[in-house]
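Undergrad: Below is the file work33.tsv, with TSV, C-alpha atoms and all ligand atoms.
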chain	number	residue	atom	x	y	z
A	108	MET	CA	-19.54	18.62	4.58
A	109	VAL	CA	-16.81	19.64	2.14
A	110	ILE	CA	-16.27	17.26	-0.76
A	111	LYS	CA	-12.66	16.78	-1.86
A	112	LYS	CA	-12.15	15.25	-5.28
A	113	ILE	CA	-9.08	13.33	-6.31
A	114	ALA	CA	-7.81	11.79	-9.56
A	115	ILE	CA	-5.82	8.56	-9.56
A	116	LEU	CA	-3.38	7.71	-12.36
A	117	PHE	CA	-2.06	4.17	-12.82
A	118	SER	CA	-0.30	2.00	-15.42
A	119	GLY	CA	-0.35	-1.63	-14.30
A	120	THR	CA	-1.55	-3.98	-11.59
A	121	GLY	CA	-3.37	-1.27	-9.73
A	122	SER	CA	-3.09	-2.68	-6.21
A	123	ASN	CA	-2.54	0.83	-4.83
A	124	LEU	CA	-5.39	2.18	-6.94
A	125	GLU	CA	-7.63	-0.51	-5.41
A	126	LYS	CA	-6.53	0.33	-1.86
A	127	LEU	CA	-7.15	4.04	-2.44
A	128	LEU	CA	-10.64	3.27	-3.75
A	129	ALA	CA	-11.40	0.92	-0.85
A	130	ASP	CA	-10.19	3.30	1.85
A	131	LEU	CA	-11.14	6.72	0.48
A	132	HIS	CA	-13.82	6.68	-2.22
A	133	HIS	CA	-17.18	7.92	-0.89
A	134	LYS	CA	-15.74	7.91	2.62
A	135	THR	CA	-16.46	10.61	5.17
A	136	PHE	CA	-13.71	11.81	7.49
A	137	GLN	CA	-13.59	14.45	10.19
A	138	HIS	CA	-13.60	17.50	7.90
A	139	CYS	CA	-14.39	16.20	4.43
A	140	ARG	CA	-15.85	13.52	2.25
A	141	ILE	CA	-13.47	12.18	-0.42
A	142	GLU	CA	-14.61	11.30	-3.93
A	143	VAL	CA	-12.47	9.72	-6.61
A	144	ALA	CA	-13.52	11.91	-9.52
A	145	THR	CA	-11.63	10.01	-12.18
A	146	THR	CA	-9.12	7.22	-12.72
A	147	ILE	CA	-6.78	7.48	-15.70
A	148	CYS	CA	-4.62	4.76	-17.21
A	149	ASN	CA	-2.04	4.99	-20.01
A	150	ARG	CA	-2.07	1.25	-20.86
A	151	PRO	CA	-5.19	-0.28	-22.45
A	152	ASP	CA	-4.28	-3.74	-21.09
A	153	ALA	CA	-3.59	-2.74	-17.46
A	154	GLN	CA	-4.99	-5.04	-14.79
A	155	GLY	CA	-6.00	-2.03	-12.73
A	156	ILE	CA	-8.76	-1.17	-15.22
A	157	GLU	CA	-10.98	-3.99	-13.89
A	158	LYS	CA	-10.23	-2.96	-10.32
A	159	SER	CA	-11.46	0.55	-11.01
A	160	ARG	CA	-14.62	-0.79	-12.65
A	161	ARG	CA	-15.37	-2.83	-9.53
A	162	TYR	CA	-15.78	0.47	-7.72
A	163	GLY	CA	-18.11	1.79	-10.41
A	164	ILE	CA	-15.51	4.02	-12.05
A	165	GLU	CA	-14.84	3.50	-15.75
A	166	PRO	CA	-11.20	4.51	-16.20
A	167	LEU	CA	-10.27	6.98	-18.85
A	168	ILE	CA	-7.70	5.30	-21.08
A	169	LEU	CA	-5.16	7.72	-22.51
A	170	ASP	CA	-2.78	5.51	-24.45
A	171	HIS	CA	0.52	7.39	-24.52
A	172	THR	CA	1.56	5.65	-27.76
A	173	GLN	CA	-1.20	7.57	-29.54
A	174	TYR	CA	0.31	11.00	-28.85
A	175	ALA	CA	2.96	12.77	-30.91
A	176	ASN	CA	5.20	13.53	-27.95
A	177	ARG	CA	5.30	13.70	-24.13
A	178	GLU	CA	3.93	17.24	-24.07
A	179	ALA	CA	0.86	16.32	-26.12
A	180	PHE	CA	0.16	13.37	-23.81
A	181	ASP	CA	0.59	15.56	-20.73
A	182	GLU	CA	-1.80	18.14	-22.19
A	183	ALA	CA	-4.45	15.44	-22.49
A	184	LEU	CA	-3.82	14.43	-18.88
A	185	VAL	CA	-4.11	18.01	-17.65
A	186	HIS	CA	-7.31	18.53	-19.61
A	187	ALA	CA	-8.90	15.33	-18.22
A	188	ILE	CA	-7.87	16.03	-14.63
A	189	ARG	CA	-9.19	19.61	-14.78
A	190	ALA	CA	-12.46	18.43	-16.31
A	191	SER	CA	-12.90	15.98	-13.41
A	192	GLY	CA	-12.70	18.75	-10.83
A	193	ALA	CA	-10.00	16.92	-8.86
A	194	GLU	CA	-7.96	19.17	-6.58
A	195	LEU	CA	-5.30	16.53	-5.93
A	196	THR	CA	-3.90	13.89	-8.27
A	197	VAL	CA	-2.34	10.68	-7.00
A	198	LEU	CA	0.18	8.78	-9.10
A	199	ALA	CA	-0.28	5.18	-7.98
A	200	GLY	CA	2.12	3.17	-10.11
A	201	PHE	CA	1.90	5.60	-13.02
A	202	MET	CA	5.00	4.81	-15.04
A	203	ARG	CA	5.45	7.87	-17.23
A	204	LEU	CA	7.98	10.66	-17.10
A	205	LEU	CA	6.06	13.92	-16.82
A	206	THR	CA	6.94	17.22	-18.48
A	207	PRO	CA	6.40	20.76	-17.11
A	208	VAL	CA	3.10	20.77	-19.05
A	209	PHE	CA	1.88	18.44	-16.30
A	210	THR	CA	4.01	19.41	-13.32
A	211	GLN	CA	3.33	23.14	-13.61
A	212	ASN	CA	-0.43	22.70	-13.88
A	213	ILE	CA	-1.39	19.80	-11.65
A	214	LYS	CA	-0.90	19.36	-7.91
A	215	ALA	CA	0.14	15.74	-7.67
A	216	LEU	CA	1.83	13.29	-5.38
A	217	ASN	CA	3.66	10.11	-6.28
A	218	LEU	CA	4.30	6.82	-4.55
A	219	HIS	CA	7.84	5.52	-4.88
A	220	PRO	CA	9.13	2.16	-3.62
A	221	SER	CA	12.33	3.35	-1.95
A	222	LEU	CA	13.57	5.66	0.76
A	223	LEU	CA	14.08	8.74	-1.38
A	224	PRO	CA	16.36	10.40	-2.26
A	225	LEU	CA	17.94	6.95	-2.65
A	226	PHE	CA	17.12	4.71	-5.61
A	227	LYS	CA	15.19	7.05	-7.87
A	228	GLY	CA	13.81	5.70	-11.15
A	229	GLY	CA	12.14	2.59	-12.45
A	230	ASN	CA	14.26	-0.10	-10.79
A	231	ALA	CA	14.01	1.03	-7.18
A	232	ILE	CA	12.92	-2.20	-5.51
A	233	LYS	CA	15.74	-4.26	-7.05
A	234	GLU	CA	18.36	-1.60	-6.40
A	235	SER	CA	17.32	-1.18	-2.81
A	236	PHE	CA	17.22	-4.98	-2.30
A	237	ASP	CA	20.72	-5.36	-3.79
A	238	SER	CA	22.22	-2.46	-1.85
A	239	PRO	CA	24.31	-3.02	1.28
A	240	MET	CA	21.80	-0.99	3.32
A	241	LYS	CA	20.24	-2.65	6.34
A	242	VAL	CA	16.94	-0.80	5.97
A	243	ALA	CA	14.59	-0.17	3.06
A	244	GLY	CA	11.32	1.62	2.62
A	245	ILE	CA	8.88	3.70	0.61
A	246	SER	CA	8.13	7.36	0.01
A	247	VAL	CA	5.20	9.58	-0.90
A	248	HIS	CA	6.33	12.88	-2.40
A	249	TYR	CA	5.05	15.85	-4.37
A	250	VAL	CA	5.62	15.69	-8.12
A	251	ASN	CA	7.90	18.25	-9.69
A	252	GLU	CA	10.09	18.50	-12.80
A	253	GLU	CA	12.76	16.23	-11.35
A	254	LEU	CA	12.04	12.50	-11.52
A	255	ASP	CA	11.23	11.28	-7.98
A	256	GLY	CA	12.73	14.54	-6.73
A	257	GLY	CA	9.83	16.53	-5.26
A	258	GLU	CA	9.34	17.35	-1.58
A	259	ILE	CA	8.93	14.23	0.55
A	260	ILE	CA	5.59	14.07	2.39
A	261	ALA	CA	5.77	10.72	4.19
A	262	GLN	CA	7.99	7.66	4.42
A	263	ARG	CA	7.96	4.22	6.06
A	264	CYS	CA	10.93	1.92	6.50
A	265	PHE	CA	11.72	-1.59	7.68
A	266	GLU	CA	14.80	-3.65	8.50
A	267	LYS	CA	16.07	-6.13	5.96
A	268	THR	CA	16.23	-9.42	7.79
A	269	GLU	CA	19.11	-11.86	7.34
A	270	GLY	CA	18.49	-14.03	4.28
A	271	MET	CA	15.29	-12.18	3.28
A	272	SER	CA	14.20	-13.31	-0.19
A	273	PHE	CA	13.49	-10.78	-2.94
A	274	GLU	CA	9.85	-11.90	-2.95
A	275	ALA	CA	9.48	-11.26	0.78
A	276	PHE	CA	11.23	-7.91	0.40
A	277	GLU	CA	8.91	-6.86	-2.42
A	278	ALA	CA	5.84	-8.02	-0.49
A	279	LYS	CA	6.92	-5.91	2.49
A	280	ILE	CA	7.32	-2.86	0.22
A	281	HIS	CA	3.82	-3.32	-1.20
A	282	ALA	CA	2.26	-3.91	2.22
A	283	LEU	CA	3.73	-0.64	3.48
A	284	GLU	CA	2.58	1.18	0.32
A	285	HIS	CA	-0.98	-0.03	0.79
A	286	GLU	CA	-0.99	1.45	4.30
A	287	LEU	CA	0.84	4.70	3.71
A	288	LEU	CA	-0.61	6.01	0.45
A	289	PRO	CA	-4.32	6.19	1.46
A	290	LEU	CA	-3.34	7.51	4.90
A	291	THR	CA	-1.20	10.27	3.41
A	292	VAL	CA	-3.87	11.35	0.93
A	293	LYS	CA	-6.47	11.38	3.71
A	294	ASN	CA	-4.21	13.41	5.99
A	295	LEU	CA	-3.54	15.97	3.26
A	296	LEU	CA	-7.22	16.47	2.45
A	297	ASP	CA	-8.88	16.12	5.83
A	298	ARG	CA	-7.89	19.47	7.25
A	299	THR	CA	-9.94	22.48	8.18
A	300	TYR	CA	-7.80	24.78	6.06
A	301	HIS	CA	-5.18	24.50	3.36
A	302	GLU	CA	-1.83	26.19	3.12
A	303	SER	CA	-1.49	27.53	-0.39
B	401	LIG	C1	4.31	0.41	-6.72
B	401	LIG	O1	5.25	-0.40	-6.07
B	401	LIG	C2	4.82	1.83	-6.81
B	401	LIG	O2	5.61	2.23	-5.74
B	401	LIG	C3	5.64	1.75	-8.08
B	401	LIG	O3	4.88	0.96	-8.95
B	401	LIG	C4	4.16	-0.01	-8.18
B	401	LIG	C5	2.72	-0.02	-8.64
B	401	LIG	O4	2.04	-1.12	-8.12
B	401	LIG	N1	5.89	3.06	-8.62
B	401	LIG	C6	7.07	3.43	-9.12
B	401	LIG	O5	8.01	2.67	-9.22
B	401	LIG	C7	7.13	4.86	-9.60
B	401	LIG	N2	8.47	5.22	-9.91
B	401	LIG	P1	0.46	-1.23	-8.29
B	401	LIG	O6	0.15	-1.06	-9.77
B	401	LIG	O7	0.12	-2.61	-7.81
B	401	LIG	O8	-0.16	-0.16	-7.46
Give the structure from the file, written as structure tokens.
TA:
Amino acid sequence: MVIKKIAILFSGTGSNLEKLLADLHHKTFQHCRIEVATTICNRPDAQGIEKSRRYGIEPLILDHTQYANREAFDEALVHAIRASGAELTVLAGFMRLLTPVFTQNIKALNLHPSLLPLFKGGNAIKESFDSPMKVAGISVHYVNEELDGGEIIAQRCFEKTEGMSFEAFEAKIHALEHELLPLTVKNLLDRTYHES
């Protein structure tokens, strides 16, 4: 059985990190077994750190404030991911802009809480809630130089109901994320061959 290793990067609550660990770590699928080789966090106080520990994985803390610039931080990320042996990196609520030092060296996908290419950036849930659109959703996409601009891999959407509160809207976004992200990672890895 082929073992496929992934790295998960996070910054905060870590609910998507937790779902990835629950659904994929040490799990055997049709063509592979998936192992989370490392979890990496840029905030020493992130709630997700405890969640990772619950699955027996001590997160690597790379505090971005301790690096001279974005490139130096990204170099540390690249080094850690390579050392872990991960072939795919998942950004699960990782709130850092990444430079070409990262994007040109690491195959990564990102979860974003909007129907890209709409509502890129850090305020996507609020912007999509406030928009006149009748639908909203989430995206999983490859990471490239452009913020939230890489090739879209998978999306899910839902209808905004009349009078829907922001809390209900946000909860729907997160519920869809928790379904789609592990499924997308599994689908990408659990194949008999890989396109280059
Ligand atoms: C998720 O909603 C994810 O889509 C978003 O951060 C949240 C992390 O939640 N990511 C972005 O906005 C990236 N631009 P979590 O820490 O509970 O997984």
Undergrad: Could you produce a table of the residues of chain A lying within 10 Å of ligand LIG 401 (chain B), with the nearest pair of atoms per residue and their separation in Å rounded to one decimal, using all atoms listed in the file, ordered by chain and increasing residue number, as JSON lines?
TA:
{"residue": "A:Leu116", "atom": "CA", "partner": "B:LIG401", "partner_atom": "O6", "distance": 9.8}
{"residue": "A:Phe117", "atom": "CA", "partner": "B:LIG401", "partner_atom": "O6", "distance": 6.4}
{"residue": "A:Ser118", "atom": "CA", "partner": "B:LIG401", "partner_atom": "O6", "distance": 6.4}
{"residue": "A:Gly119", "atom": "CA", "partner": "B:LIG401", "partner_atom": "O6", "distance": 4.6}
{"residue": "A:Thr120", "atom": "CA", "partner": "B:LIG401", "partner_atom": "O6", "distance": 3.8}
{"residue": "A:Gly121", "atom": "CA", "partner": "B:LIG401", "partner_atom": "O6", "distance": 3.5}
{"residue": "A:Ser122", "atom": "CA", "partner": "B:LIG401", "partner_atom": "O7", "distance": 3.6}
{"residue": "A:Asn123", "atom": "CA", "partner": "B:LIG401", "partner_atom": "O8", "distance": 3.7}
{"residue": "A:Leu124", "atom": "CA", "partner": "B:LIG401", "partner_atom": "O8", "distance": 5.8}
{"residue": "A:Glu125", "atom": "CA", "partner": "B:LIG401", "partner_atom": "O8", "distance": 7.8}
{"residue": "A:Lys126", "atom": "CA", "partner": "B:LIG401", "partner_atom": "O8", "distance": 8.5}
{"residue": "A:Leu127", "atom": "CA", "partner": "B:LIG401", "partner_atom": "O8", "distance": 9.6}
{"residue": "A:Ala153", "atom": "CA", "partner": "B:LIG401", "partner_atom": "O6", "distance": 8.7}
{"residue": "A:Gln154", "atom": "CA", "partner": "B:LIG401", "partner_atom": "O6", "distance": 8.2}
{"residue": "A:Gly155", "atom": "CA", "partner": "B:LIG401", "partner_atom": "O6", "distance": 6.9}
{"residue": "A:Leu198", "atom": "CA", "partner": "B:LIG401", "partner_atom": "C7", "distance": 8.0}
{"residue": "A:Ala199", "atom": "CA", "partner": "B:LIG401", "partner_atom": "O8", "distance": 5.4}
{"residue": "A:Gly200", "atom": "CA", "partner": "B:LIG401", "partner_atom": "C5", "distance": 3.6}
{"residue": "A:Phe201", "atom": "CA", "partner": "B:LIG401", "partner_atom": "C7", "distance": 6.3}
{"residue": "A:Met202", "atom": "CA", "partner": "B:LIG401", "partner_atom": "C7", "distance": 5.8}
{"residue": "A:Arg203", "atom": "CA", "partner": "B:LIG401", "partner_atom": "N2", "distance": 8.4}
{"residue": "A:Leu204", "atom": "CA", "partner": "B:LIG401", "partner_atom": "N2", "distance": 9.0}
{"residue": "A:Asn217", "atom": "CA", "partner": "B:LIG401", "partner_atom": "C7", "distance": 7.1}
{"residue": "A:Leu218", "atom": "CA", "partner": "B:LIG401", "partner_atom": "O2", "distance": 4.9}
{"residue": "A:His219", "atom": "CA", "partner": "B:LIG401", "partner_atom": "O2", "distance": 4.1}
{"residue": "A:Pro220", "atom": "CA", "partner": "B:LIG401", "partner_atom": "O2", "distance": 4.1}
{"residue": "A:Ser221", "atom": "CA", "partner": "B:LIG401", "partner_atom": "O2", "distance": 7.8}
{"residue": "A:Phe226", "atom": "CA", "partner": "B:LIG401", "partner_atom": "N2", "distance": 9.7}
{"residue": "A:Lys227", "atom": "CA", "partner": "B:LIG401", "partner_atom": "N2", "distance": 7.3}
{"residue": "A:Gly228", "atom": "CA", "partner": "B:LIG401", "partner_atom": "N2", "distance": 5.5}
{"residue": "A:Gly229", "atom": "CA", "partner": "B:LIG401", "partner_atom": "N2", "distance": 5.2}
{"residue": "A:Asn230", "atom": "CA", "partner": "B:LIG401", "partner_atom": "O5", "distance": 7.0}
{"residue": "A:Ala231", "atom": "CA", "partner": "B:LIG401", "partner_atom": "O5", "distance": 6.5}
{"residue": "A:Ile232", "atom": "CA", "partner": "B:LIG401", "partner_atom": "O5", "distance": 7.8}
{"residue": "A:Ile245", "atom": "CA", "partner": "B:LIG401", "partner_atom": "O2", "distance": 7.3}
{"residue": "A:Ser246", "atom": "CA", "partner": "B:LIG401", "partner_atom": "O2", "distance": 8.1}
{"residue": "A:Val247", "atom": "CA", "partner": "B:LIG401", "partner_atom": "O2", "distance": 8.8}
{"residue": "A:Leu254", "atom": "CA", "partner": "B:LIG401", "partner_atom": "N2", "distance": 8.3}
{"residue": "A:Asp255", "atom": "CA", "partner": "B:LIG401", "partner_atom": "N2", "distance": 6.9}
{"residue": "A:Glu277", "atom": "CA", "partner": "B:LIG401", "partner_atom": "O1", "distance": 8.3}
{"residue": "A:Ala278", "atom": "CA", "partner": "B:LIG401", "partner_atom": "O1", "distance": 9.5}
{"residue": "A:Ile280", "atom": "CA", "partner": "B:LIG401", "partner_atom": "O1", "distance": 7.1}
{"residue": "A:His281", "atom": "CA", "partner": "B:LIG401", "partner_atom": "O1", "distance": 5.9}
{"residue": "A:Ala282", "atom": "CA", "partner": "B:LIG401", "partner_atom": "O1", "distance": 9.5}
{"residue": "A:Leu283", "atom": "CA", "partner": "B:LIG401", "partner_atom": "O1", "distance": 9.7}
{"residue": "A:Glu284", "atom": "CA", "partner": "B:LIG401", "partner_atom": "O2", "distance": 6.9}
{"residue": "A:His285", "atom": "CA", "partner": "B:LIG401", "partner_atom": "O8", "distance": 8.3}
{"residue": "A:Leu288", "atom": "CA", "partner": "B:LIG401", "partner_atom": "O2", "distance": 9.6}
Undergrad: Which is closer to A:Thr210 than all the others in A:Ile141, A:Ile113, A:Leu296, A:Leu184, using all atoms listed in the file?
TA: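 Looking at the shortest contact to A:Thr210, the residue is A:Leu184.
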Undergrad: Choose the residue, out of A:Val143, A:Leu287, A:Ala190, A:Val185, that has the smallest atom-to-atom separation from A:Lys214; count all atoms listed in the file.
TA: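 Smallest separation from A:Lys214 among the options: A:Val185.
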Undergrad: Please determine an axis-aligned box that encloses all atoms of stretch 149-160 of chain A listed in the file, with 3 Å added on each side, and express its centre and edge lengths in Å to one decimal as AutoDock Vina command-line options.
TA:
--center_x -8.3 --center_y 0.0 --center_z -16.4 --size_x 18.6 --size_y 16.0 --size_z 18.1
Undergrad: So, with all atoms listed in the file as the atoms that count, which of A:Ile115, A:Leu169, A:Leu195, A:Ile156 lies closest to A:Ala183?
TA: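 Smallest separation from A:Ala183 among the options: A:Leu169.
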Undergrad: What does the distance between atom CA of A:Gln262 and atom CA of A:His248 come to in Å, to one decimal place?
TA: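 A separation of 8.7 Å between them.
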Undergrad: Can you give me all heavy atoms for stretch 235-246 of chain A, written as an mmCIF file, in the frame of the given file?
TA:
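Saved file out-v7.cif follows:
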data_model
loop_
_atom_site.group_PDB
_atom_site.id
_atom_site.type_symbol
_atom_site.label_atom_id
_atom_site.label_comp_id
_atom_site.auth_asym_id
_atom_site.auth_seq_id
_atom_site.Cartn_x
_atom_site.Cartn_y
_atom_site.Cartn_z
ATOM 1 N N SER A 235 17.298 -1.298 -4.264
ATOM 2 C CA SER A 235 17.320 -1.180 -2.810
ATOM 3 C C SER A 235 17.547 -2.561 -2.175
ATOM 4 O O SER A 235 18.258 -2.689 -1.175
ATOM 5 C CB SER A 235 16.047 -0.469 -2.378
ATOM 6 O OG SER A 235 15.391 -1.068 -1.376
ATOM 7 N N PHE A 236 16.990 -3.610 -2.790
ATOM 8 C CA PHE A 236 17.220 -4.980 -2.300
ATOM 9 C C PHE A 236 18.708 -5.340 -2.412
ATOM 10 O O PHE A 236 19.294 -5.918 -1.499
ATOM 11 C CB PHE A 236 16.365 -5.964 -3.086
ATOM 12 C CG PHE A 236 16.565 -7.400 -2.677
ATOM 13 C CD1 PHE A 236 16.002 -7.870 -1.489
ATOM 14 C CD2 PHE A 236 17.309 -8.276 -3.451
ATOM 15 C CE1 PHE A 236 16.189 -9.197 -1.093
ATOM 16 C CE2 PHE A 236 17.500 -9.597 -3.062
ATOM 17 C CZ PHE A 236 16.937 -10.065 -1.881
ATOM 18 N N ASP A 237 19.315 -4.990 -3.534
ATOM 19 C CA ASP A 237 20.720 -5.360 -3.790
ATOM 20 C C ASP A 237 21.723 -4.494 -3.035
ATOM 21 O O ASP A 237 22.905 -4.828 -2.980
ATOM 22 C CB ASP A 237 21.031 -5.248 -5.296
ATOM 23 C CG ASP A 237 20.341 -6.342 -6.097
ATOM 24 O OD1 ASP A 237 19.938 -7.359 -5.480
ATOM 25 O OD2 ASP A 237 20.196 -6.183 -7.329
ATOM 26 N N SER A 238 21.289 -3.382 -2.493
ATOM 27 C CA SER A 238 22.220 -2.460 -1.850
ATOM 28 C C SER A 238 22.706 -3.032 -0.510
ATOM 29 O O SER A 238 22.047 -3.890 0.076
ATOM 30 C CB SER A 238 21.552 -1.107 -1.598
ATOM 31 O OG SER A 238 20.877 -1.129 -0.364
ATOM 32 N N PRO A 239 23.831 -2.533 -0.022
ATOM 33 C CA PRO A 239 24.310 -3.020 1.280
ATOM 34 C C PRO A 239 23.535 -2.441 2.462
ATOM 35 O O PRO A 239 23.844 -2.748 3.613
ATOM 36 C CB PRO A 239 25.770 -2.573 1.291
ATOM 37 C CG PRO A 239 25.826 -1.413 0.367
ATOM 38 C CD PRO A 239 24.765 -1.599 -0.666
ATOM 39 N N MET A 240 22.543 -1.613 2.203
ATOM 40 C CA MET A 240 21.800 -0.990 3.320
ATOM 41 C C MET A 240 21.049 -2.018 4.146
ATOM 42 O O MET A 240 20.571 -3.028 3.625
ATOM 43 C CB MET A 240 20.810 0.044 2.769
ATOM 44 C CG MET A 240 21.493 1.286 2.263
ATOM 45 S SD MET A 240 20.276 2.477 1.706
ATOM 46 C CE MET A 240 19.449 2.875 3.247
ATOM 47 N N LYS A 241 20.921 -1.733 5.423
ATOM 48 C CA LYS A 241 20.240 -2.650 6.340
ATOM 49 C C LYS A 241 18.761 -2.313 6.484
ATOM 50 O O LYS A 241 18.001 -3.035 7.118
ATOM 51 C CB LYS A 241 20.891 -2.594 7.733
ATOM 52 C CG LYS A 241 22.354 -2.998 7.734
ATOM 53 C CD LYS A 241 22.519 -4.458 7.367
ATOM 54 C CE LYS A 241 23.969 -4.891 7.516
ATOM 55 N NZ LYS A 241 24.220 -6.176 6.831
ATOM 56 N N VAL A 242 18.362 -1.157 5.959
ATOM 57 C CA VAL A 242 16.940 -0.800 5.970
ATOM 58 C C VAL A 242 16.497 -0.464 4.552
ATOM 59 O O VAL A 242 17.318 -0.151 3.682
ATOM 60 C CB VAL A 242 16.640 0.428 6.889
ATOM 61 C CG1 VAL A 242 16.891 0.098 8.344
ATOM 62 C CG2 VAL A 242 17.421 1.646 6.444
ATOM 63 N N ALA A 243 15.189 -0.550 4.344
ATOM 64 C CA ALA A 243 14.590 -0.170 3.060
ATOM 65 C C ALA A 243 13.255 0.482 3.364
ATOM 66 O O ALA A 243 12.821 0.499 4.524
ATOM 67 C CB ALA A 243 14.411 -1.400 2.181
ATOM 68 N N GLY A 244 12.602 0.990 2.325
ATOM 69 C CA GLY A 244 11.320 1.620 2.620
ATOM 70 C C GLY A 244 10.659 2.216 1.405
ATOM 71 O O GLY A 244 11.001 1.887 0.256
ATOM 72 N N ILE A 245 9.707 3.096 1.669
ATOM 73 C CA ILE A 245 8.880 3.700 0.610
ATOM 74 C C ILE A 245 8.693 5.186 0.903
ATOM 75 O O ILE A 245 8.865 5.628 2.032
ATOM 76 C CB ILE A 245 7.496 3.024 0.526
ATOM 77 C CG1 ILE A 245 6.733 3.224 1.856
ATOM 78 C CG2 ILE A 245 7.634 1.541 0.218
ATOM 79 C CD1 ILE A 245 5.261 2.956 1.749
ATOM 80 N N SER A 246 8.322 5.922 -0.132
ATOM 81 C CA SER A 246 8.130 7.360 0.010
ATOM 82 C C SER A 246 6.880 7.820 -0.736
ATOM 83 O O SER A 246 6.555 7.277 -1.791
ATOM 84 C CB SER A 246 9.320 8.133 -0.598
ATOM 85 O OG SER A 246 10.541 7.695 -0.059
#
